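Structure data (compact mmCIF, C-alpha atoms) from my_file_10.txt:
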```txt
# COMPACT_ATOMS: atom_id res chain seq x y z
CA MET A 1 -72.29 22.53 -113.91
CA THR A 2 -75.23 21.55 -111.71
CA GLN A 3 -77.15 20.11 -114.67
CA GLY A 4 -74.13 18.09 -115.74
CA ARG A 5 -73.64 16.75 -112.21
CA ASP A 6 -77.33 15.85 -111.87
CA ALA A 7 -77.25 14.07 -115.22
CA ALA A 8 -74.18 12.10 -114.09
CA ILE A 9 -75.93 11.11 -110.83
CA ALA A 10 -79.02 10.03 -112.76
CA ALA A 11 -76.92 7.95 -115.15
CA LEU A 12 -75.06 6.33 -112.25
CA ALA A 13 -78.27 5.50 -110.40
CA GLY A 14 -79.85 4.22 -113.59
CA GLY A 15 -77.09 1.66 -113.99
CA GLN A 16 -77.18 0.59 -110.34
CA ARG A 17 -80.87 -0.06 -109.64
CA THR A 18 -81.37 3.49 -108.22
CA ILE A 19 -78.37 3.05 -105.89
CA VAL A 20 -75.47 5.51 -105.48
CA GLY A 21 -72.55 5.39 -103.06
CA HIS A 22 -71.13 8.21 -100.96
CA ARG A 23 -67.70 7.80 -102.52
CA GLN A 24 -69.19 7.78 -106.01
CA LEU A 25 -70.97 11.04 -105.31
CA LEU A 26 -67.75 12.62 -104.06
CA ALA A 27 -66.03 11.50 -107.26
CA LEU A 28 -68.75 13.30 -109.26
CA GLY A 29 -67.96 16.55 -107.47
CA CYS A 30 -70.57 16.51 -104.70
CA SER A 31 -69.40 17.76 -101.31
CA ARG A 32 -70.11 15.94 -98.06
CA ARG A 33 -72.24 18.87 -96.97
CA THR A 34 -74.30 18.71 -100.16
CA ILE A 35 -74.83 14.96 -99.78
CA ALA A 36 -75.96 15.40 -96.16
CA HIS A 37 -78.32 18.16 -97.25
CA TRP A 38 -79.87 15.95 -99.93
CA VAL A 39 -80.37 13.17 -97.41
CA ASN A 40 -82.04 15.54 -94.93
CA ARG A 41 -84.27 16.98 -97.67
CA GLY A 42 -85.34 13.49 -98.80
CA ARG A 43 -83.69 13.59 -102.20
CA PHE A 44 -81.73 10.49 -101.18
CA GLN A 45 -83.00 7.55 -99.15
CA VAL A 46 -80.37 5.92 -96.92
CA VAL A 47 -80.23 2.20 -97.66
CA PHE A 48 -77.05 1.18 -95.80
CA HIS A 49 -74.17 3.12 -94.32
CA GLY A 50 -72.78 5.39 -97.03
CA VAL A 51 -75.18 4.14 -99.69
CA TYR A 52 -78.39 5.78 -100.93
CA SER A 53 -81.26 5.33 -103.32
CA VAL A 54 -82.43 8.20 -105.49
CA ILE A 55 -86.05 7.13 -105.02
CA GLN A 56 -88.25 6.98 -101.92
CA GLY A 57 -90.28 3.94 -100.95
CA ASP A 58 -89.85 0.37 -102.12
CA LEU A 59 -86.62 -0.46 -103.92
CA PRO A 60 -86.48 -2.42 -107.18
CA PRO A 61 -85.38 -6.08 -107.17
CA LEU A 62 -81.75 -6.65 -106.11
CA ALA A 63 -81.29 -2.99 -105.15
CA ARG A 64 -80.58 -3.89 -101.49
CA GLU A 65 -77.99 -6.40 -102.64
CA GLN A 66 -76.44 -3.79 -104.95
CA ALA A 67 -76.34 -1.34 -102.04
CA ALA A 68 -74.73 -3.90 -99.73
CA LEU A 69 -71.91 -4.51 -102.18
CA LEU A 70 -71.29 -0.77 -102.55
CA SER A 71 -71.34 -0.36 -98.79
CA CYS A 72 -68.73 -3.08 -98.29
CA GLY A 73 -66.41 -1.85 -101.02
CA GLN A 74 -63.77 -3.71 -102.98
CA ARG A 75 -63.45 -7.50 -103.13
CA ALA A 76 -66.96 -7.99 -101.77
CA PHE A 77 -69.47 -10.45 -103.19
CA LEU A 78 -72.94 -11.70 -102.26
CA SER A 79 -72.81 -15.02 -100.47
CA HIS A 80 -74.54 -17.47 -98.12
CA HIS A 81 -78.32 -17.06 -97.87
CA SER A 82 -78.40 -13.95 -100.08
CA ALA A 83 -76.69 -15.76 -102.94
CA ALA A 84 -78.86 -18.81 -102.30
CA ALA A 85 -82.04 -16.73 -102.54
CA ILE A 86 -80.98 -15.11 -105.84
CA LEU A 87 -80.07 -18.51 -107.29
CA GLY A 88 -83.30 -20.12 -106.12
CA LEU A 89 -81.59 -22.54 -103.74
CA VAL A 90 -83.73 -21.25 -100.87
CA ARG A 91 -87.29 -19.95 -101.14
CA TYR A 92 -87.08 -16.80 -99.03
CA VAL A 93 -85.16 -13.55 -99.05
CA PRO A 94 -83.08 -13.17 -95.86
CA THR A 95 -83.65 -10.13 -93.68
CA LEU A 96 -79.94 -9.28 -93.69
CA VAL A 97 -77.97 -9.10 -96.92
CA GLU A 98 -75.02 -11.49 -96.58
CA VAL A 99 -71.73 -10.42 -98.15
CA SER A 100 -68.28 -12.01 -98.09
CA VAL A 101 -65.20 -9.77 -98.20
CA VAL A 102 -61.81 -11.15 -99.25
CA GLY A 103 -58.52 -10.35 -97.55
CA ARG A 104 -59.38 -7.22 -95.60
CA ARG A 105 -61.26 -6.04 -92.57
CA CYS A 106 -64.88 -5.08 -93.08
CA ASP A 107 -67.33 -5.11 -90.21
CA SER A 108 -71.00 -6.00 -90.38
CA ARG A 109 -73.31 -3.03 -90.27
CA LYS A 110 -77.03 -2.47 -89.88
CA GLY A 111 -78.78 -4.57 -92.51
CA VAL A 112 -75.62 -6.31 -93.76
CA ARG A 113 -73.91 -9.40 -92.37
CA VAL A 114 -70.28 -9.54 -93.44
CA HIS A 115 -68.24 -12.76 -93.65
CA ARG A 116 -64.50 -12.17 -93.82
CA ILE A 117 -62.38 -14.72 -95.70
CA GLN A 118 -58.67 -14.81 -96.46
CA ALA A 119 -58.86 -15.97 -100.07
CA ILE A 120 -61.15 -17.48 -102.67
CA HIS A 121 -60.55 -19.38 -105.88
CA ARG A 122 -61.49 -17.22 -108.85
CA SER A 123 -63.76 -19.96 -110.21
CA GLU A 124 -65.99 -19.68 -107.12
CA VAL A 125 -67.33 -16.18 -107.80
CA LYS A 126 -69.26 -14.99 -110.82
CA LEU A 127 -71.06 -11.95 -112.18
CA HIS A 128 -74.82 -12.48 -112.06
CA GLU A 129 -77.14 -9.71 -113.25
CA GLY A 130 -74.34 -7.23 -112.69
CA LEU A 131 -73.62 -8.38 -109.14
CA TRP A 132 -70.60 -10.35 -107.95
CA MET A 133 -71.70 -13.39 -105.99
CA SER A 134 -70.78 -16.93 -105.02
CA THR A 135 -71.21 -19.61 -107.63
CA PRO A 136 -74.00 -22.09 -106.91
CA ALA A 137 -71.60 -24.82 -105.77
CA ARG A 138 -69.75 -22.49 -103.39
CA THR A 139 -73.07 -21.21 -102.06
CA VAL A 140 -73.89 -24.77 -101.00
CA LEU A 141 -70.66 -24.87 -98.96
CA GLU A 142 -71.58 -21.54 -97.37
CA LEU A 143 -75.01 -22.86 -96.43
CA ALA A 144 -73.32 -25.89 -94.90
CA ALA A 145 -71.50 -23.48 -92.59
CA THR A 146 -74.42 -21.31 -91.48
CA GLY A 147 -77.70 -22.95 -92.48
CA THR A 148 -79.70 -25.83 -91.08
CA TRP A 149 -79.39 -29.41 -92.25
CA ASP A 150 -82.76 -29.17 -94.01
CA GLU A 151 -81.76 -25.93 -95.78
CA LEU A 152 -78.58 -27.56 -97.02
CA ALA A 153 -80.35 -30.70 -98.18
CA SER A 154 -83.06 -28.71 -99.94
CA ALA A 155 -80.48 -26.43 -101.61
CA ILE A 156 -78.62 -29.44 -103.00
CA ASP A 157 -81.87 -30.91 -104.28
CA GLU A 158 -82.83 -27.64 -105.97
CA GLY A 159 -79.41 -27.06 -107.47
CA LEU A 160 -79.16 -30.52 -108.95
CA ALA A 161 -82.73 -30.47 -110.21
CA HIS A 162 -82.15 -27.17 -112.03
CA ARG A 163 -78.63 -28.09 -113.21
CA LEU A 164 -77.00 -25.23 -111.33
CA PHE A 165 -74.09 -27.50 -110.42
CA THR A 166 -72.97 -31.09 -110.77
CA PRO A 167 -71.88 -33.52 -108.05
CA SER A 168 -68.33 -33.13 -109.36
CA GLU A 169 -68.46 -29.35 -108.86
CA LEU A 170 -69.58 -29.80 -105.25
CA HIS A 171 -66.68 -32.17 -104.60
CA LYS A 172 -64.20 -29.71 -106.17
CA VAL A 173 -65.40 -26.78 -104.07
CA LEU A 174 -65.15 -28.94 -100.97
CA ALA A 175 -61.63 -30.10 -101.85
CA ARG A 176 -60.41 -26.54 -102.51
CA ASN A 177 -61.69 -25.18 -99.22
CA ARG A 178 -61.02 -27.91 -96.66
CA PRO A 179 -60.61 -27.46 -93.80
CA CYS A 180 -63.26 -24.80 -93.30
CA ARG A 181 -66.50 -24.31 -91.45
CA GLY A 182 -69.25 -26.40 -93.03
CA ALA A 183 -66.87 -28.76 -94.82
CA ALA A 184 -67.58 -31.70 -92.51
CA ARG A 185 -71.34 -31.33 -92.93
CA LEU A 186 -71.16 -31.12 -96.71
CA ALA A 187 -68.70 -34.01 -96.85
CA ALA A 188 -71.12 -36.09 -94.81
CA ILE A 189 -73.92 -35.55 -97.30
CA LEU A 190 -71.67 -36.12 -100.29
CA GLY A 191 -70.14 -39.35 -99.12
CA ASP A 192 -71.45 -40.65 -95.83
CA GLU A 193 -74.18 -43.25 -96.28
CA THR A 194 -75.20 -42.72 -92.66
CA ALA A 195 -75.87 -39.06 -93.39
CA VAL A 196 -77.91 -40.02 -96.44
CA ALA A 197 -79.88 -42.49 -94.35
CA VAL A 198 -80.68 -39.82 -91.77
CA SER A 199 -82.01 -37.53 -94.48
CA ARG A 200 -84.06 -40.31 -96.04
CA SER A 201 -85.47 -41.16 -92.61
CA ARG A 202 -86.66 -37.56 -92.21
CA THR A 203 -88.29 -37.67 -95.62
CA GLU A 204 -89.96 -40.96 -94.71
CA LYS A 205 -91.38 -39.47 -91.52
CA ALA A 206 -92.63 -36.45 -93.42
CA LEU A 207 -94.42 -38.66 -95.95
CA LEU A 208 -95.96 -40.79 -93.21
CA ARG A 209 -97.34 -37.64 -91.59
CA LEU A 210 -98.83 -36.56 -94.92
CA LEU A 211 -100.46 -39.97 -95.39
CA ARG A 212 -101.88 -39.95 -91.87
CA ASP A 213 -103.22 -36.39 -92.18
CA ALA A 214 -104.84 -37.31 -95.52
CA GLY A 215 -106.59 -40.30 -93.96
CA LEU A 216 -104.83 -42.82 -96.22
CA PRO A 217 -103.89 -46.28 -94.93
CA LEU A 218 -100.42 -46.34 -93.46
CA PRO A 219 -97.83 -48.71 -94.94
CA GLU A 220 -95.24 -50.94 -93.37
CA THR A 221 -91.79 -49.38 -93.33
CA ASN A 222 -88.33 -50.72 -94.17
CA VAL A 223 -89.64 -54.11 -95.24
CA PRO A 224 -87.01 -56.74 -96.20
CA PHE A 225 -87.25 -57.69 -99.88
CA GLY A 226 -84.62 -60.24 -100.84
CA ARG A 227 -81.27 -58.47 -100.58
CA PHE A 228 -83.10 -55.14 -100.80
CA GLU A 229 -85.46 -53.23 -98.55
CA LEU A 230 -88.73 -51.50 -99.41
CA ASP A 231 -88.95 -48.07 -97.78
CA LEU A 232 -92.78 -48.09 -97.61
CA PHE A 233 -94.97 -51.09 -98.48
CA TRP A 234 -98.71 -51.68 -98.65
CA ARG A 235 -98.72 -55.48 -98.59
CA ARG A 236 -102.35 -56.10 -99.63
CA GLU A 237 -102.23 -53.63 -102.52
CA ARG A 238 -98.69 -54.73 -103.48
CA LEU A 239 -97.61 -51.09 -103.66
CA ALA A 240 -94.17 -49.89 -102.58
CA ILE A 241 -92.58 -46.46 -102.31
CA GLU A 242 -88.87 -45.85 -102.75
CA LEU A 243 -87.58 -42.58 -101.29
CA ASP A 244 -84.56 -41.82 -103.44
CA SER A 245 -81.51 -40.22 -101.88
CA TYR A 246 -79.85 -37.11 -103.30
CA SER A 247 -79.48 -36.95 -107.01
CA PHE A 248 -75.70 -37.10 -106.90
CA HIS A 249 -75.95 -40.75 -105.76
CA ARG A 250 -76.48 -41.71 -109.34
CA GLY A 251 -73.24 -43.38 -110.35
CA PRO A 252 -73.17 -46.64 -112.33
CA SER A 253 -73.41 -48.91 -109.27
CA ALA A 254 -76.35 -46.99 -107.78
CA PHE A 255 -78.12 -46.88 -111.15
CA ASN A 256 -77.73 -50.63 -111.68
CA ARG A 257 -78.84 -51.40 -108.13
CA ASP A 258 -81.99 -49.32 -108.51
CA ARG A 259 -82.85 -50.94 -111.86
CA GLU A 260 -82.40 -54.41 -110.40
CA LYS A 261 -84.66 -53.53 -107.50
CA ASP A 262 -87.31 -52.22 -109.90
CA LEU A 263 -87.17 -55.44 -111.95
CA ARG A 264 -87.42 -57.68 -108.91
CA ALA A 265 -90.40 -55.72 -107.63
CA ARG A 266 -92.12 -56.04 -111.02
CA ASP A 267 -91.47 -59.79 -111.06
CA ALA A 268 -93.10 -60.03 -107.62
CA GLY A 269 -96.17 -58.13 -108.81
CA ILE A 270 -95.27 -55.02 -106.81
CA GLU A 271 -95.79 -51.54 -108.19
CA LEU A 272 -92.77 -49.53 -107.06
CA MET A 273 -93.12 -45.75 -107.12
CA ARG A 274 -90.13 -43.46 -106.62
CA PHE A 275 -90.18 -40.05 -104.96
CA THR A 276 -87.43 -37.67 -103.86
CA ARG A 277 -87.22 -35.39 -100.87
CA HIS A 278 -88.13 -32.50 -103.16
CA HIS A 279 -91.34 -34.28 -104.20
CA VAL A 280 -92.37 -34.91 -100.59
CA ARG A 281 -91.50 -31.44 -99.32
CA ARG A 282 -92.50 -29.29 -102.28
CA GLU A 283 -95.05 -31.29 -104.25
CA SER A 284 -96.87 -33.13 -101.49
CA THR A 285 -100.33 -32.71 -103.05
CA LYS A 286 -99.22 -34.44 -106.25
CA VAL A 287 -97.49 -37.19 -104.28
CA LEU A 288 -100.59 -37.89 -102.19
CA ALA A 289 -102.82 -37.87 -105.28
CA ARG A 290 -100.63 -40.41 -107.05
CA ILE A 291 -100.43 -42.69 -104.01
CA ALA A 292 -104.18 -42.47 -103.32
CA GLY A 293 -104.99 -43.16 -106.95
CA GLU A 294 -102.71 -46.19 -107.12
CA LEU A 295 -104.02 -47.59 -103.84
CA ALA A 296 -107.60 -47.24 -105.09
CA ARG A 297 -106.79 -48.79 -108.46
CA ARG A 298 -105.02 -51.79 -106.97
CA ALA A 299 -107.74 -52.29 -104.35
CA VAL A 300 -110.38 -52.47 -107.09
CA SER A 301 -108.31 -54.85 -109.20
CA ASP A 302 -108.02 -57.18 -106.23
```
Show the structure stored in the file as structure tokens.
Amino acid sequence: MTQGRDAAIAALAGGQRTIVGHRQLLALGCSRRTIAHWVNRGRFQVVFHGVYSVIQGDLPPLAREQAALLSCGQRAFLSHHSAAAILGLVRYVPTLVEVSVVGRRCDSRKGVRVHRIQAIHRSEVKLHEGLWMSTPARTVLELAATGTWDELASAIDEGLAHRLFTPSELHKVLARNRPCRGAARLAAILGDETAVAVSRSRTEKALLRLLRDAGLPLPETNVPFGRFELDLFWRRERLAIELDSYSFHRGPSAFNRDREKDLRARDAGIELMRFTRHHVRRESTKVLARIAGELARRAVSD
């Protein structure tokens, strides 16, 4: 009997990244007293309330997230920054595991932040590596509610760059969930040109700081160019930088406008280089190298 129970526990833990739940152990025939004894003797490591690992020390990848879902019970899924970290939309693992629970009361507990929601469209959750979690597009909406502006902007950049969602999917998630916390912020980025301009201005300032710190000559900014405007312009070298807005601003009109601007710059003898916020924030060394090289090349040719 004991051997059969131990084998069942081992099989359960093996399929759950070393994690077992209190209720699962009861269902296998373990008594509450036995479970408490195993915890006291160190056979089980407490991860969250009512959830244990069968190993001591560091847990394997995603074991904390697995434990959080077991701790929160039915209709729970990973969300917000935890989902964003797993999907690669943010570049750090949050200290607290964030879980959303649908249609019932479930309080946060040590190590787990619980978000309670009334309902969710079935297309907005998915099974990822055996864990229920928000889809990438819904995760963006969740970040809009609880994250910073820069986190949200960066997550959108990452998601579009890695084809985790399309602009259309972001709009659909927004439409299904309005009104809700974060909707106004996401709507601003998706459709408000003022919001886009604010983000581009921040990227411009970041690039100017990089140029200054690297000792490169500083350009003029927002220079009129016919019916267009050059974001950054080195007049003597005839070099311009265009800081592109978010990738979802790529409809037919935006595409044609950008191509016309490129052609007019070429006709005027201006080399126009395009960078995104992702380039400036995440690949700054490459950006600086390209700018420095082009400035040097055009200075010599003069």
TODO: Report the distance between CA of Asp58 in chain A and CA of Glu142 in chain A in Å, rounded to one decimal place.
DONE: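 Distance between the two atoms: 28.9 Å.
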- [ ] Point out the residue among A:Pro60, A:Gly21, A:Gly182, A:Gly130 with the least atom-to-atom distance to Phe77 in chain A, counting only C-alpha atoms.
- [x]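 The shortest atom-to-atom distance to Phe77 in chain A comes from A:Gly130.
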- [ ] Counting only C-alpha atoms, figure out which residue out of A:His121, A:Arg181, A:Arg281, A:Arg17 gets nearest to Lys205 in chain A.
- [x] A:Arg281
Open item on the list: Can you pull out the residues contacting Phe275 in chain A? Cut-off 8 Å, using all atoms listed in the file, and skip same-chain residues under 3 positions away; I want them as a list in words.
Closed with: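 What passes the distance filter is Ile241, Glu242, Leu243, Asp244, His279, Val280 and Val287 of chain A.
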Open item on the list: Report, in Å to a single decimal, how far apart CA of Asp107 in chain A and CA of Glu129 in chain A are.
Closed with: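 Between these atoms lies a distance of 25.5 Å.
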- [ ] Would you work out the distance separating CA of Leu232 in chain A from CA of Gly269 in chain A, expressed in Å to one decimal?
- [x] 15.4 Å
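With all atoms listed in the file as the atoms that count, the minimum distance from Arg23 in chain A to the choices A:His80, A:Lys110, A:His49, A:Arg91 is reached by A:His49.
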Task: Selection near range 144-146 of chain A, 9 Å with only C-alpha atoms, sequence-local residues under 2 positions removed, as a PyMOL selection string - done: chain A and resi 80-81+139-142+148-149+151-152+180-186
Task: Distance query 7 Å from (-98.1, -54.8, -96.0) using only C-alpha atoms, result as number ranges by chain - done: A: 219-220, 233-236
- [ ] Compare A:Thr203, A:Ala36, A:Leu96, A:Ser123 by their minimum atom-to-atom distance to Ala153 in chain A, counting all atoms listed in the file, and give me the closest one.
- [x]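 Residue with the minimum atom-to-atom distance to Ala153 in chain A: A:Thr203.
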As JSON, please report the centre and edge lengths, rounded to one decimal in Å, of the axis-aligned box that holds all listed atoms of range 175-193 of chain A with 4 Å of padding on each of the six sides.
```
{"center_x": -67.3, "center_y": -33.8, "center_z": -97.0, "size_x": 21.8, "size_y": 26.9, "size_z": 19.1}
```
Open item on the list: I want to know what sits within 10 Å of range 293-302 of chain A, based on only C-alpha atoms, with residues of the same chain fewer than 6 positions away left out; could you give that as JSON, numbers by chain?
Closed with: {"A": [216, 217, 234, 236, 237, 238, 239, 271, 273, 287]}
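For Gln24 in chain A, the list of residues within 12 Å, based on all atoms listed in the file and with local chain neighbours fewer than 3 positions off taken out, reads Arg5, Ala8, Ile9, Ala11, Leu12, Ala13, Gln16, Ile19, Val20, Gly21, Ala27, Leu28, Gly29, Cys30, Ser31, Arg32, Ile35, Gly50, Val51, Tyr52, Leu70, Ser71 and Gly73 of chain A.
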Open item on the list: Taking 2 positions as the minimum chain separation for residues in the same chain, which residues sit within 8 Å of Gln45 in chain A when counting only C-alpha atoms? Answer as a ChimeraX atom specification.
Closed with: /A:39,42-43,47,52-56
Task: Nearest to Arg163 in chain A by atom-to-atom distance, counting only C-alpha atoms, from A:Glu229, A:Pro136, A:Asp213, A:Glu283 - done: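 Answer, going by the shortest atom-to-atom distance: A:Pro136.
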